[in-house]
$ cat data.cif   # mmCIF, N, CA, C and O atoms
data_coords
#
loop_
_atom_site.label_atom_id
_atom_site.label_comp_id
_atom_site.auth_asym_id
_atom_site.auth_seq_id
_atom_site.Cartn_x
_atom_site.Cartn_y
_atom_site.Cartn_z
N MET B 1 0.83 -1.18 0.00
CA MET B 1 0.00 0.00 0.00
C MET B 1 0.87 1.24 0.00
O MET B 1 1.95 1.26 0.56
N GLY B 2 0.36 2.28 -0.61
CA GLY B 2 1.07 3.54 -0.61
C GLY B 2 2.04 3.71 -1.76
O GLY B 2 2.57 4.78 -1.96
N LYS B 3 2.30 2.65 -2.52
CA LYS B 3 3.23 2.75 -3.65
C LYS B 3 2.45 2.73 -4.95
O LYS B 3 1.45 2.04 -5.07
N PHE B 4 2.92 3.50 -5.89
CA PHE B 4 2.29 3.53 -7.20
C PHE B 4 2.81 2.37 -8.04
O PHE B 4 3.96 1.97 -7.94
N THR B 5 1.96 1.83 -8.89
CA THR B 5 2.38 0.79 -9.81
C THR B 5 3.19 1.42 -10.94
O THR B 5 3.20 2.64 -11.12
N PHE B 6 3.86 0.57 -11.71
CA PHE B 6 4.64 1.06 -12.85
C PHE B 6 3.75 1.82 -13.82
O PHE B 6 4.11 2.89 -14.31
N TYR B 7 2.56 1.28 -14.09
CA TYR B 7 1.62 1.93 -15.01
C TYR B 7 1.23 3.32 -14.50
O TYR B 7 1.16 4.27 -15.27
N GLU B 8 0.97 3.43 -13.21
CA GLU B 8 0.58 4.72 -12.65
C GLU B 8 1.73 5.73 -12.72
O GLU B 8 1.51 6.90 -13.03
N LYS B 9 2.95 5.28 -12.43
CA LYS B 9 4.09 6.19 -12.45
C LYS B 9 4.48 6.63 -13.85
O LYS B 9 4.79 7.79 -14.07
N VAL B 10 4.47 5.71 -14.79
CA VAL B 10 5.01 6.01 -16.12
C VAL B 10 3.94 6.50 -17.08
O VAL B 10 4.22 7.33 -17.94
N VAL B 11 2.71 6.04 -16.94
CA VAL B 11 1.67 6.39 -17.90
C VAL B 11 0.64 7.35 -17.31
O VAL B 11 0.37 8.41 -17.87
N GLU B 12 0.04 6.97 -16.20
CA GLU B 12 -1.09 7.72 -15.66
C GLU B 12 -0.73 9.14 -15.22
O GLU B 12 -1.31 10.10 -15.70
N LEU B 13 0.18 9.27 -14.29
CA LEU B 13 0.46 10.59 -13.72
C LEU B 13 1.03 11.58 -14.73
O LEU B 13 0.55 12.71 -14.82
N PRO B 14 2.04 11.20 -15.52
CA PRO B 14 2.54 12.17 -16.51
C PRO B 14 1.50 12.54 -17.57
O PRO B 14 1.42 13.70 -17.98
N SER B 15 0.70 11.58 -18.00
CA SER B 15 -0.27 11.90 -19.05
C SER B 15 -1.37 12.83 -18.52
O SER B 15 -1.83 13.71 -19.24
N TRP B 16 -1.79 12.64 -17.26
CA TRP B 16 -2.77 13.58 -16.68
C TRP B 16 -2.18 14.97 -16.63
O TRP B 16 -2.84 15.97 -16.96
N SER B 17 -0.93 15.09 -16.21
CA SER B 17 -0.28 16.40 -16.12
C SER B 17 -0.18 17.07 -17.47
O SER B 17 -0.47 18.26 -17.62
N ILE B 18 0.21 16.30 -18.48
CA ILE B 18 0.35 16.86 -19.83
C ILE B 18 -1.01 17.30 -20.37
O ILE B 18 -1.15 18.40 -20.93
N LEU B 19 -2.03 16.47 -20.19
CA LEU B 19 -3.36 16.81 -20.71
C LEU B 19 -3.95 18.03 -20.00
O LEU B 19 -4.54 18.90 -20.64
N LEU B 20 -3.79 18.10 -18.69
CA LEU B 20 -4.32 19.26 -17.97
C LEU B 20 -3.57 20.54 -18.34
O LEU B 20 -4.18 21.61 -18.48
N ALA B 21 -2.26 20.45 -18.54
CA ALA B 21 -1.49 21.63 -18.98
C ALA B 21 -1.92 22.03 -20.39
O ALA B 21 -2.09 23.23 -20.67
N LEU B 22 -2.11 21.04 -21.27
CA LEU B 22 -2.51 21.33 -22.65
C LEU B 22 -3.87 22.01 -22.72
O LEU B 22 -4.04 23.02 -23.41
N ILE B 23 -4.84 21.51 -21.98
CA ILE B 23 -6.17 22.09 -22.04
C ILE B 23 -6.17 23.48 -21.41
O ILE B 23 -6.90 24.37 -21.84
N THR B 24 -5.33 23.70 -20.40
CA THR B 24 -5.24 25.02 -19.78
C THR B 24 -4.61 26.04 -20.72
O THR B 24 -5.14 27.15 -20.91
N VAL B 25 -3.49 25.67 -21.32
CA VAL B 25 -2.79 26.60 -22.22
C VAL B 25 -3.64 26.91 -23.44
O VAL B 25 -3.77 28.08 -23.83
N THR B 26 -4.23 25.89 -24.04
CA THR B 26 -5.05 26.15 -25.22
C THR B 26 -6.30 26.95 -24.87
O THR B 26 -6.75 27.79 -25.65
N GLY B 27 -6.85 26.72 -23.69
CA GLY B 27 -8.00 27.51 -23.24
C GLY B 27 -7.63 28.97 -23.03
O GLY B 27 -8.41 29.88 -23.36
N LEU B 28 -6.44 29.21 -22.49
CA LEU B 28 -5.98 30.60 -22.31
C LEU B 28 -5.74 31.28 -23.65
O LEU B 28 -6.04 32.47 -23.80
N ILE B 29 -5.21 30.54 -24.62
CA ILE B 29 -5.02 31.11 -25.96
C ILE B 29 -6.37 31.47 -26.58
O ILE B 29 -6.54 32.55 -27.15
N LYS B 30 -7.33 30.54 -26.45
CA LYS B 30 -8.65 30.80 -27.01
C LYS B 30 -9.32 31.99 -26.32
O LYS B 30 -9.99 32.79 -26.97
N ALA B 31 -9.16 32.11 -25.01
CA ALA B 31 -9.75 33.23 -24.29
C ALA B 31 -9.00 34.53 -24.57
O ALA B 31 -9.59 35.61 -24.55
N GLY B 32 -7.70 34.41 -24.84
CA GLY B 32 -6.89 35.59 -25.10
C GLY B 32 -7.23 36.30 -26.40
O GLY B 32 -6.89 37.47 -26.58
N ARG B 33 -7.93 35.62 -27.27
CA ARG B 33 -8.30 36.26 -28.55
C ARG B 33 -9.23 37.45 -28.34
O ARG B 33 -9.36 38.30 -29.22
N TYR B 34 -9.88 37.51 -27.18
CA TYR B 34 -10.76 38.64 -26.90
C TYR B 34 -9.98 39.85 -26.39
O TYR B 34 -10.50 40.94 -26.35
N LEU B 35 -8.73 39.63 -25.97
CA LEU B 35 -7.89 40.73 -25.47
C LEU B 35 -6.90 41.21 -26.51
O LEU B 35 -6.65 42.41 -26.64
N ILE B 36 -6.28 40.27 -27.21
CA ILE B 36 -5.29 40.61 -28.22
C ILE B 36 -5.60 39.82 -29.49
O ILE B 36 -6.19 38.74 -29.43
N PRO B 37 -5.21 40.34 -30.64
CA PRO B 37 -5.46 39.59 -31.87
C PRO B 37 -4.60 38.32 -31.93
O PRO B 37 -3.41 38.36 -31.66
N VAL B 38 -5.24 37.21 -32.25
CA VAL B 38 -4.54 35.93 -32.37
C VAL B 38 -4.69 35.48 -33.82
O VAL B 38 -5.81 35.48 -34.35
N PRO B 39 -3.58 35.14 -34.48
CA PRO B 39 -3.67 34.70 -35.88
C PRO B 39 -4.60 33.48 -36.02
O PRO B 39 -4.71 32.65 -35.12
N GLY B 40 -5.24 33.40 -37.17
CA GLY B 40 -6.21 32.33 -37.42
C GLY B 40 -5.63 30.94 -37.30
O GLY B 40 -6.27 30.03 -36.79
N VAL B 41 -4.40 30.76 -37.79
CA VAL B 41 -3.77 29.43 -37.74
C VAL B 41 -3.52 29.03 -36.28
O VAL B 41 -3.76 27.88 -35.90
N VAL B 42 -3.08 29.98 -35.48
CA VAL B 42 -2.82 29.70 -34.06
C VAL B 42 -4.13 29.36 -33.35
O VAL B 42 -4.21 28.42 -32.55
N LEU B 43 -5.18 30.11 -33.66
CA LEU B 43 -6.48 29.86 -33.05
C LEU B 43 -7.04 28.51 -33.48
O LEU B 43 -7.59 27.76 -32.66
N TRP B 44 -6.88 28.16 -34.75
CA TRP B 44 -7.33 26.86 -35.24
C TRP B 44 -6.58 25.72 -34.55
O TRP B 44 -7.17 24.74 -34.11
N LEU B 45 -5.25 25.87 -34.43
CA LEU B 45 -4.44 24.85 -33.78
C LEU B 45 -4.81 24.73 -32.30
O LEU B 45 -4.94 23.62 -31.77
N ALA B 46 -5.00 25.86 -31.62
CA ALA B 46 -5.38 25.83 -30.20
C ALA B 46 -6.74 25.18 -30.01
O ALA B 46 -6.93 24.39 -29.08
N SER B 47 -7.68 25.48 -30.90
CA SER B 47 -9.01 24.88 -30.80
C SER B 47 -8.96 23.38 -31.04
O SER B 47 -9.62 22.60 -30.34
N THR B 48 -8.20 22.96 -32.03
CA THR B 48 -8.06 21.54 -32.33
C THR B 48 -7.43 20.79 -31.17
O THR B 48 -7.92 19.73 -30.75
N LEU B 49 -6.35 21.34 -30.62
CA LEU B 49 -5.68 20.70 -29.49
C LEU B 49 -6.56 20.71 -28.24
O LEU B 49 -6.52 19.79 -27.42
N HIS B 50 -7.36 21.77 -28.07
CA HIS B 50 -8.26 21.87 -26.92
C HIS B 50 -9.31 20.75 -26.97
O HIS B 50 -9.55 20.08 -25.96
N VAL B 51 -9.91 20.55 -28.12
CA VAL B 51 -10.90 19.48 -28.27
C VAL B 51 -10.24 18.12 -28.12
O VAL B 51 -10.80 17.21 -27.46
N ALA B 52 -9.06 17.94 -28.69
CA ALA B 52 -8.34 16.67 -28.55
C ALA B 52 -8.00 16.39 -27.09
O ALA B 52 -8.11 15.24 -26.63
N ALA B 53 -7.62 17.42 -26.35
CA ALA B 53 -7.32 17.24 -24.93
C ALA B 53 -8.58 16.87 -24.15
O ALA B 53 -8.54 16.03 -23.25
N MET B 54 -9.72 17.46 -24.50
CA MET B 54 -10.98 17.11 -23.83
C MET B 54 -11.33 15.64 -24.07
O MET B 54 -11.72 14.93 -23.15
N VAL B 55 -11.19 15.19 -25.30
CA VAL B 55 -11.47 13.80 -25.63
C VAL B 55 -10.52 12.88 -24.88
O VAL B 55 -10.93 11.85 -24.32
N ALA B 56 -9.24 13.23 -24.87
CA ALA B 56 -8.26 12.41 -24.17
C ALA B 56 -8.52 12.37 -22.66
O ALA B 56 -8.32 11.34 -22.02
N ILE B 57 -9.00 13.47 -22.08
CA ILE B 57 -9.32 13.49 -20.65
C ILE B 57 -10.49 12.55 -20.36
O ILE B 57 -10.48 11.82 -19.36
N VAL B 58 -11.48 12.52 -21.24
CA VAL B 58 -12.60 11.59 -21.06
C VAL B 58 -12.11 10.15 -21.14
O VAL B 58 -12.49 9.30 -20.32
N ILE B 59 -11.24 9.87 -22.09
CA ILE B 59 -10.67 8.53 -22.22
C ILE B 59 -9.86 8.17 -20.98
O ILE B 59 -9.97 7.06 -20.45
N LYS B 60 -9.06 9.10 -20.49
CA LYS B 60 -8.25 8.86 -19.29
C LYS B 60 -9.15 8.63 -18.08
O LYS B 60 -8.85 7.78 -17.24
N LEU B 61 -10.24 9.37 -17.98
CA LEU B 61 -11.16 9.19 -16.86
C LEU B 61 -11.79 7.80 -16.90
O LEU B 61 -11.87 7.12 -15.88
N LEU B 62 -12.23 7.37 -18.08
CA LEU B 62 -12.80 6.03 -18.20
C LEU B 62 -11.77 4.95 -17.89
O LEU B 62 -12.08 3.94 -17.25
N ASP B 63 -10.53 5.15 -18.32
CA ASP B 63 -9.46 4.20 -18.02
C ASP B 63 -9.19 4.18 -16.52
O ASP B 63 -8.99 3.13 -15.92
N HIS B 64 -9.20 5.35 -15.90
CA HIS B 64 -8.97 5.43 -14.45
C HIS B 64 -10.07 4.68 -13.70
O HIS B 64 -9.79 3.94 -12.75
N LEU B 65 -11.31 4.86 -14.13
CA LEU B 65 -12.41 4.15 -13.48
C LEU B 65 -12.31 2.64 -13.69
O LEU B 65 -12.68 1.86 -12.82
N ARG B 66 -11.79 2.24 -14.86
CA ARG B 66 -11.65 0.82 -15.16
C ARG B 66 -10.79 0.11 -14.13
O ARG B 66 -11.11 -0.97 -13.67
N TYR B 67 -9.68 0.69 -13.72
CA TYR B 67 -8.84 0.00 -12.74
C TYR B 67 -9.09 0.48 -11.32
O TYR B 67 -8.54 -0.08 -10.38
N THR B 68 -9.95 1.47 -11.12
CA THR B 68 -10.26 1.92 -9.77
C THR B 68 -11.46 1.18 -9.20
O THR B 68 -11.47 0.85 -8.02
N PHE B 69 -12.48 0.91 -10.01
CA PHE B 69 -13.69 0.26 -9.51
C PHE B 69 -13.41 -1.05 -8.77
O PHE B 69 -13.91 -1.26 -7.68
N PRO B 70 -12.62 -1.96 -9.33
CA PRO B 70 -12.40 -3.22 -8.61
C PRO B 70 -11.65 -3.04 -7.29
O PRO B 70 -11.78 -3.85 -6.40
N ARG B 71 -10.86 -1.98 -7.17
CA ARG B 71 -10.07 -1.79 -5.96
C ARG B 71 -10.76 -0.92 -4.93
O ARG B 71 -10.25 -0.72 -3.85
N TRP B 72 -11.92 -0.37 -5.22
CA TRP B 72 -12.55 0.57 -4.32
C TRP B 72 -13.99 0.13 -4.07
O TRP B 72 -14.91 0.50 -4.78
N SER B 73 -14.17 -0.66 -3.02
CA SER B 73 -15.48 -1.25 -2.77
C SER B 73 -16.53 -0.22 -2.39
O SER B 73 -17.73 -0.46 -2.56
N LEU B 74 -16.15 0.94 -1.91
CA LEU B 74 -17.13 1.95 -1.53
C LEU B 74 -17.74 2.66 -2.74
O LEU B 74 -18.75 3.34 -2.60
N MET B 75 -17.15 2.52 -3.92
CA MET B 75 -17.72 3.16 -5.10
C MET B 75 -19.13 2.63 -5.37
O MET B 75 -20.02 3.38 -5.75
N GLY B 76 -19.33 1.35 -5.13
CA GLY B 76 -20.67 0.80 -5.28
C GLY B 76 -21.65 1.42 -4.31
O GLY B 76 -22.80 1.69 -4.66
N ALA B 77 -21.20 1.68 -3.09
CA ALA B 77 -22.07 2.31 -2.11
C ALA B 77 -22.38 3.76 -2.50
O ALA B 77 -23.48 4.26 -2.27
N ILE B 78 -21.43 4.42 -3.13
CA ILE B 78 -21.65 5.80 -3.55
C ILE B 78 -22.69 5.85 -4.67
O ILE B 78 -23.58 6.69 -4.68
N THR B 79 -22.59 4.92 -5.61
CA THR B 79 -23.48 4.96 -6.76
C THR B 79 -24.84 4.32 -6.51
O THR B 79 -25.81 4.69 -7.15
N THR B 80 -24.91 3.35 -5.58
CA THR B 80 -26.18 2.66 -5.35
C THR B 80 -26.83 2.99 -4.02
O THR B 80 -27.96 2.58 -3.78
N THR B 81 -26.16 3.69 -3.15
CA THR B 81 -26.58 4.01 -1.78
C THR B 81 -26.85 2.74 -0.97
O THR B 81 -27.64 2.74 -0.04
N TRP B 82 -26.20 1.66 -1.32
CA TRP B 82 -26.34 0.40 -0.61
C TRP B 82 -24.96 -0.18 -0.40
O TRP B 82 -24.14 -0.18 -1.30
N MET B 83 -24.69 -0.68 0.81
CA MET B 83 -23.37 -1.21 1.10
C MET B 83 -23.50 -2.69 1.47
O MET B 83 -24.33 -3.06 2.30
N LYS B 84 -22.68 -3.50 0.84
CA LYS B 84 -22.68 -4.93 1.09
C LYS B 84 -22.11 -5.20 2.47
O LYS B 84 -21.15 -4.57 2.88
N GLU B 85 -22.69 -6.14 3.18
CA GLU B 85 -22.14 -6.51 4.49
C GLU B 85 -20.87 -7.30 4.28
O GLU B 85 -20.79 -8.17 3.42
N GLN B 86 -19.86 -7.00 5.12
CA GLN B 86 -18.61 -7.73 5.04
C GLN B 86 -18.62 -8.83 6.08
O GLN B 86 -19.24 -8.72 7.14
N ALA B 87 -17.92 -9.91 5.79
CA ALA B 87 -17.80 -11.00 6.75
C ALA B 87 -17.04 -10.50 7.97
O ALA B 87 -16.13 -9.68 7.85
N PRO B 88 -17.40 -10.97 9.15
CA PRO B 88 -16.67 -10.53 10.34
C PRO B 88 -15.21 -10.95 10.27
O PRO B 88 -14.89 -12.04 9.81
N ALA B 89 -14.34 -10.07 10.71
CA ALA B 89 -12.91 -10.35 10.68
C ALA B 89 -12.56 -11.37 11.77
O ALA B 89 -13.11 -11.35 12.86
N ARG B 90 -11.65 -12.26 11.45
CA ARG B 90 -11.22 -13.27 12.41
C ARG B 90 -10.10 -12.72 13.26
O ARG B 90 -9.31 -11.90 12.82
N ARG B 91 -10.03 -13.21 14.46
CA ARG B 91 -8.94 -12.79 15.34
C ARG B 91 -7.63 -13.39 14.84
O ARG B 91 -7.61 -14.44 14.22
N GLN B 92 -6.53 -12.72 15.18
CA GLN B 92 -5.22 -13.13 14.69
C GLN B 92 -4.86 -14.55 15.14
O GLN B 92 -4.35 -15.33 14.38
N GLY B 93 -5.13 -14.91 16.38
CA GLY B 93 -4.68 -16.20 16.92
C GLY B 93 -5.68 -17.31 16.76
O GLY B 93 -5.45 -18.42 17.21
N ALA B 94 -6.81 -17.07 16.12
CA ALA B 94 -7.84 -18.09 16.00
C ALA B 94 -7.36 -19.24 15.13
O ALA B 94 -6.65 -19.04 14.16
N SER B 95 -7.76 -20.44 15.49
CA SER B 95 -7.32 -21.60 14.71
C SER B 95 -8.17 -21.71 13.45
O SER B 95 -9.37 -21.46 13.47
N GLU B 96 -7.52 -22.09 12.36
CA GLU B 96 -8.18 -22.23 11.06
C GLU B 96 -8.54 -23.69 10.84
O GLU B 96 -7.77 -24.58 11.17
N PRO B 97 -9.69 -23.95 10.25
CA PRO B 97 -9.99 -25.32 9.87
C PRO B 97 -8.99 -25.80 8.82
O PRO B 97 -8.46 -25.01 8.07
N SER B 98 -8.76 -27.08 8.79
CA SER B 98 -7.77 -27.59 7.85
C SER B 98 -8.23 -27.34 6.41
O SER B 98 -9.40 -27.45 6.09
N GLY B 99 -7.28 -26.97 5.57
CA GLY B 99 -7.57 -26.73 4.17
C GLY B 99 -7.98 -25.31 3.86
O GLY B 99 -8.17 -24.96 2.71
N SER B 100 -8.15 -24.45 4.85
CA SER B 100 -8.54 -23.06 4.56
C SER B 100 -7.32 -22.16 4.68
O SER B 100 -6.33 -22.51 5.29
N SER B 101 -7.44 -21.01 4.11
CA SER B 101 -6.34 -20.05 4.19
C SER B 101 -6.90 -18.71 4.65
O SER B 101 -7.99 -18.32 4.28
N ALA B 102 -6.11 -18.00 5.42
CA ALA B 102 -6.51 -16.66 5.88
C ALA B 102 -6.04 -15.65 4.86
O ALA B 102 -4.86 -15.37 4.74
N THR B 103 -6.97 -15.11 4.10
CA THR B 103 -6.59 -14.17 3.06
C THR B 103 -6.58 -12.76 3.55
O THR B 103 -5.94 -11.90 2.96
N GLY B 104 -7.27 -12.45 4.60
CA GLY B 104 -7.31 -11.09 5.11
C GLY B 104 -8.35 -10.27 4.38
O GLY B 104 -8.85 -10.63 3.33
N ILE B 105 -8.68 -9.13 4.92
CA ILE B 105 -9.71 -8.28 4.34
C ILE B 105 -9.20 -7.61 3.07
O ILE B 105 -9.95 -7.43 2.14
N ALA B 106 -7.92 -7.26 3.01
CA ALA B 106 -7.40 -6.58 1.83
C ALA B 106 -7.46 -7.47 0.61
O ALA B 106 -7.45 -6.99 -0.51
N GLY B 107 -7.53 -8.77 0.78
CA GLY B 107 -7.64 -9.67 -0.36
C GLY B 107 -8.95 -9.52 -1.10
O GLY B 107 -9.08 -9.92 -2.23
N GLY B 108 -9.95 -8.89 -0.45
CA GLY B 108 -11.24 -8.74 -1.07
C GLY B 108 -11.35 -7.58 -2.02
O GLY B 108 -12.24 -7.50 -2.82
N GLY B 109 -10.43 -6.61 -1.96
CA GLY B 109 -10.50 -5.54 -2.92
C GLY B 109 -10.09 -4.17 -2.42
O GLY B 109 -9.65 -3.36 -3.19
N ASP B 110 -10.28 -3.85 -1.15
CA ASP B 110 -9.89 -2.52 -0.66
C ASP B 110 -8.38 -2.40 -0.61
O ASP B 110 -7.70 -3.20 0.00
N THR B 111 -7.86 -1.40 -1.29
CA THR B 111 -6.43 -1.12 -1.21
C THR B 111 -6.22 0.35 -1.02
O THR B 111 -7.00 1.15 -1.37
#

$ encode --input "data.cif" --output "structure tokens"
Amino acid sequence: MGKFTFYEKVVELPSWSILLALITVTGLIKAGRYLIPVPGVVLWLASTLHVAAMVAIVIKLLDHLRYTFPRWSLMGAITTTWMKEQAPARRQGASEPSGSSATGIAGGGDT
């Protein structure tokens, strides 16, 4: 717990930063046209990149939800207003029946 996976470090975090910076800069360029004259080619490029960044952010959000839903059991409670009952936790020193394994609560999905 507490450590990012390789995918999160190399793909997720940098791409979110790049996309948020891109949509901010292109939005400022588009808004700046009302203060100073912006050449048509620059405005066209900023608009194209702005829309592309919006689409990419939606894709990133869906990808983020894809790997977050299985690891976050409370998301179901947020969306359905219903929470599944969890099995009672066993004490550390309790004896296990033969053939069973103690997987712990984290094995169920919360990380």

$ atom_distance --input "data.cif" --atom1 "CA of Leu22 in chain B" --atom2 "CA of Trp72 in chain B"
29.5 Å

$ closest_residue --input "data.cif" --among "B:Leu49, B:Ala77, B:Val11, B:Leu20" --to "Asp63 in chain B" --atoms "only C-alpha atoms"
B:Val11

$ atom_distance --input "data.cif" --atom1 "atom O of Leu62 in chain B" --atom2 "CA of Glu12 in chain B"
11.7 Å

$ resolve_selection --input "data.cif" --expression "the PyMOL selection byres ((chain B and resi 23-36) around 7)" --output "list in words"
Ser17, Ile18, Leu19, Leu20, Ala21, Leu22, Pro37, Val38, Pro39, Leu43, Ala46, Ser47, Leu49, His50, Ala53 and Met54 of chain B

$ atom_distance --input "data.cif" --atom1 "CA of Lys60 in chain B" --atom2 "CA of Trp44 in chain B"
24.1 Å
